[in-house]
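Here is the structure we will look at.
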Amino acid sequence: MASELYNSYLTIDQRSEGTYSEKRSKFISFAIPVETEEEALMEVDRLRREYYDAHHVCWAYRIGKGEVMERANDDGEPSGSAGRPILGQIISQDLTDILVAVVRYFGGVKLGTGGLVVAYRTAAAEALAAATIRKHILYTDYQLQFPFDLINPVMMLLRQFDVEVNGNDADTEGHIWRIKVANQHVPDFEEKAKTLYRLIVKVYPN
């Protein structure tokens, strides 16, 4: 039943901000939790409207659990000098479901490509340093069907793998339960469940 599963992921729960200045240029950075590309781009548009007088709004996002989608944008800065350093800070902390954007007000002194890389990287790091990073455990939902007289072995199975029961029902044949199992326990849970005769285990469609 179990295919390749990812056990957990790291992300931020709330928006955070940071600032950095270099040769009169001001960089204002934001780390924002997002779950879709559409949501990320809406946040970028919101920053563009709020900071309409800024010279650049550069950004990067990383979205998904396990297999992630990444995108970075330099917004007119030299290629690779802004978006990629921002994305690098996200990757270095193994974060996902996050947008990091950096608003730049040009101070009149050019920083050069190397200076821009350092500035955008540092600004992104400041926003992430202000964020609270949390680990989220991933689960797989199942439906269990079993006769009434099998309840004790089933309860022992659930306790063994610290399974949470989300719903319970019954019909004339027995119990029908919905449970969730932490992905780290899924292979062992499924293997053990096979040893209980008359227990039917199905992955619950999400």
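Letters A, B, ... go to the chains of the structure tokens in the order shown; residues in each chain start at 1; ligands are counted from 1 in the same order.
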Contact table region 57-120 of chain A vs region 132-137 of chain A, cut-off 12 Å, shortest pair per residue, only C-alpha atoms, as a Markdown table:
```
| residue | atom | partner | partner_atom | distance |
| --- | --- | --- | --- | --- |
| A:Lys65 | CA | A:His136 | CA | 10.2 |
| A:Ile90 | CA | A:Ile133 | CA | 11.4 |
| A:Gln93 | CA | A:Ile133 | CA | 9.3 |
| A:Asp94 | CA | A:Ile133 | CA | 10.3 |
| A:Leu95 | CA | A:Ile133 | CA | 8.3 |
| A:Thr96 | CA | A:Ile133 | CA | 10.5 |
| A:Asp97 | CA | A:His136 | CA | 11.4 |
| A:Ile98 | CA | A:Ile133 | CA | 10.8 |
```
Worksheet item: Hey, what's within 6 Å of Ala82 (chain A) if we count only C-alpha atoms and toss same-chain stuff fewer than 2 positions away? As a list in words, please?
Response: Asp74, Gly80, Arg84, Pro85, Val117 and Tyr120 of chain A
Could those selected residues go to a file with C-alpha atoms, as a PDB file, in the first residue's frame?
```pdb
ATOM      1  CA  ASP A  74      15.856  38.959 -10.080  1.00  0.00           C
ATOM      2  CA  GLY A  80      21.658  35.443 -10.673  1.00  0.00           C
ATOM      3  CA  ARG A  84      19.213  32.743  -6.558  1.00  0.00           C
ATOM      4  CA  PRO A  85      20.929  33.996  -3.374  1.00  0.00           C
ATOM      5  CA  VAL A 117      24.714  38.632  -4.102  1.00  0.00           C
ATOM      6  CA  TYR A 120      20.323  39.874  -1.111  1.00  0.00           C
TER       7      TYR A 120
END
```
Discussion item. Taking the DSSP secondary structure from the backbone, can you list the residues of region 160-194 of chain A that are strand (DSSP E), as a PyMOL selection string?
Written reply: chain A and resi 164-171+174-182
Discussion item. Neighbouring residues of region 173-188 of chain A were defined as those with any atom within 8 Å, considering only C-alpha atoms; residues of the same chain fewer than 6 positions away were excluded. Please report them as an MDAnalysis selection string.
Written reply: chainID A and resid 2 5:7 137:148 161:167 204
Item to complete: Pick out the closest residue to Ala119 (chain A) from this set: A:Arg15, A:His56, A:Arg48, A:Lys26. Count only C-alpha atoms.
Response: A:Lys26
Item to complete: List the neighbours of Ile28 (chain A) out to 8 Å using only C-alpha atoms; skip same-chain residues closer than 5 positions along the sequence, and give me the result as a ChimeraX atom specification.
Response: /A:17-20,102-104,123
Emit the selected residues as a PDB file, in the first residue's frame, including N, CA, C and O atoms.
```
ATOM      1  N   GLU A  17      10.118  39.701   9.129  1.00  0.00           N
ATOM      2  CA  GLU A  17      10.786  40.731   8.337  1.00  0.00           C
ATOM      3  C   GLU A  17      12.226  40.921   8.797  1.00  0.00           C
ATOM      4  O   GLU A  17      12.583  40.585   9.923  1.00  0.00           O
ATOM      5  N   GLY A  18      13.026  41.484   7.890  1.00  0.00           N
ATOM      6  CA  GLY A  18      14.401  41.825   8.212  1.00  0.00           C
ATOM      7  C   GLY A  18      14.829  43.030   7.394  1.00  0.00           C
ATOM      8  O   GLY A  18      14.154  43.415   6.433  1.00  0.00           O
ATOM      9  N   THR A  19      15.937  43.626   7.747  1.00  0.00           N
ATOM     10  CA  THR A  19      16.472  44.759   6.987  1.00  0.00           C
ATOM     11  C   THR A  19      17.986  44.636   6.883  1.00  0.00           C
ATOM     12  O   THR A  19      18.639  44.021   7.728  1.00  0.00           O
ATOM     13  N   TYR A  20      18.511  45.262   5.817  1.00  0.00           N
ATOM     14  CA  TYR A  20      19.960  45.285   5.608  1.00  0.00           C
ATOM     15  C   TYR A  20      20.279  46.515   4.773  1.00  0.00           C
ATOM     16  O   TYR A  20      19.520  46.868   3.850  1.00  0.00           O
ATOM     17  N   VAL A 102      12.673  40.381  -1.220  1.00  0.00           N
ATOM     18  CA  VAL A 102      13.532  41.471  -0.752  1.00  0.00           C
ATOM     19  C   VAL A 102      13.257  42.710  -1.594  1.00  0.00           C
ATOM     20  O   VAL A 102      13.400  42.693  -2.819  1.00  0.00           O
ATOM     21  N   VAL A 103      12.832  43.772  -0.929  1.00  0.00           N
ATOM     22  CA  VAL A 103      12.563  45.066  -1.563  1.00  0.00           C
ATOM     23  C   VAL A 103      13.835  45.911  -1.477  1.00  0.00           C
ATOM     24  O   VAL A 103      14.417  46.059  -0.387  1.00  0.00           O
ATOM     25  N   ARG A 104      14.263  46.461  -2.629  1.00  0.00           N
ATOM     26  CA  ARG A 104      15.483  47.283  -2.614  1.00  0.00           C
ATOM     27  C   ARG A 104      15.187  48.722  -2.993  1.00  0.00           C
ATOM     28  O   ARG A 104      14.550  48.999  -4.010  1.00  0.00           O
ATOM     29  N   ALA A 123      20.085  39.918   3.384  1.00  0.00           N
ATOM     30  CA  ALA A 123      18.733  40.397   3.674  1.00  0.00           C
ATOM     31  C   ALA A 123      17.769  39.225   3.861  1.00  0.00           C
ATOM     32  O   ALA A 123      16.954  39.221   4.779  1.00  0.00           O
TER      33      ALA A 123
END
```
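Nearest residue to Gly108 (chain A) among A:Thr122, A:His55, A:Gly66, A:Arg71 is A:His55, counting only C-alpha atoms.
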Worksheet item: Using only C-alpha atoms, which of A:Arg159, A:Arg198, A:Arg46, A:Lys110 sits nearest Arg24 (chain A)?
Response: A:Lys110
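Of the residues under consideration (A:Leu199, A:Ala101, A:Leu116, A:Ala125), A:Leu199 shows the shortest atom-to-atom contact distance to Ile151 (chain A) when counting only C-alpha atoms.
Across A:Lys202, A:Asp169, A:Leu157, A:Asp75, the tightest approach to Phe189 (chain A) is made by A:Leu157 when counting only C-alpha atoms.
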Item to complete: Enumerate, as a count of residues only, the complete set of residues in region 9-130 of chain A that a backbone-based DSSP assignment places in helix (DSSP H, G or I).
Response: 42
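Residues lying within 12 Å of Gly112 (chain A), counting only C-alpha atoms and ignoring same-chain neighbours fewer than 6 positions away, are Glu22, Lys23, Glu77, Pro78, Ser79, Ser81, Ala82, Val118 and Ala119 of chain A.
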Fill in: Point-to-point distance in Å for CA of Ala124 (chain A) and CA of Val100 (chain A)
6.6 Å
Worksheet entry | CA of Phe106 (chain A) to CA of Leu41 (chain A), distance in Å rounded to a single decimal | 23.1 Å
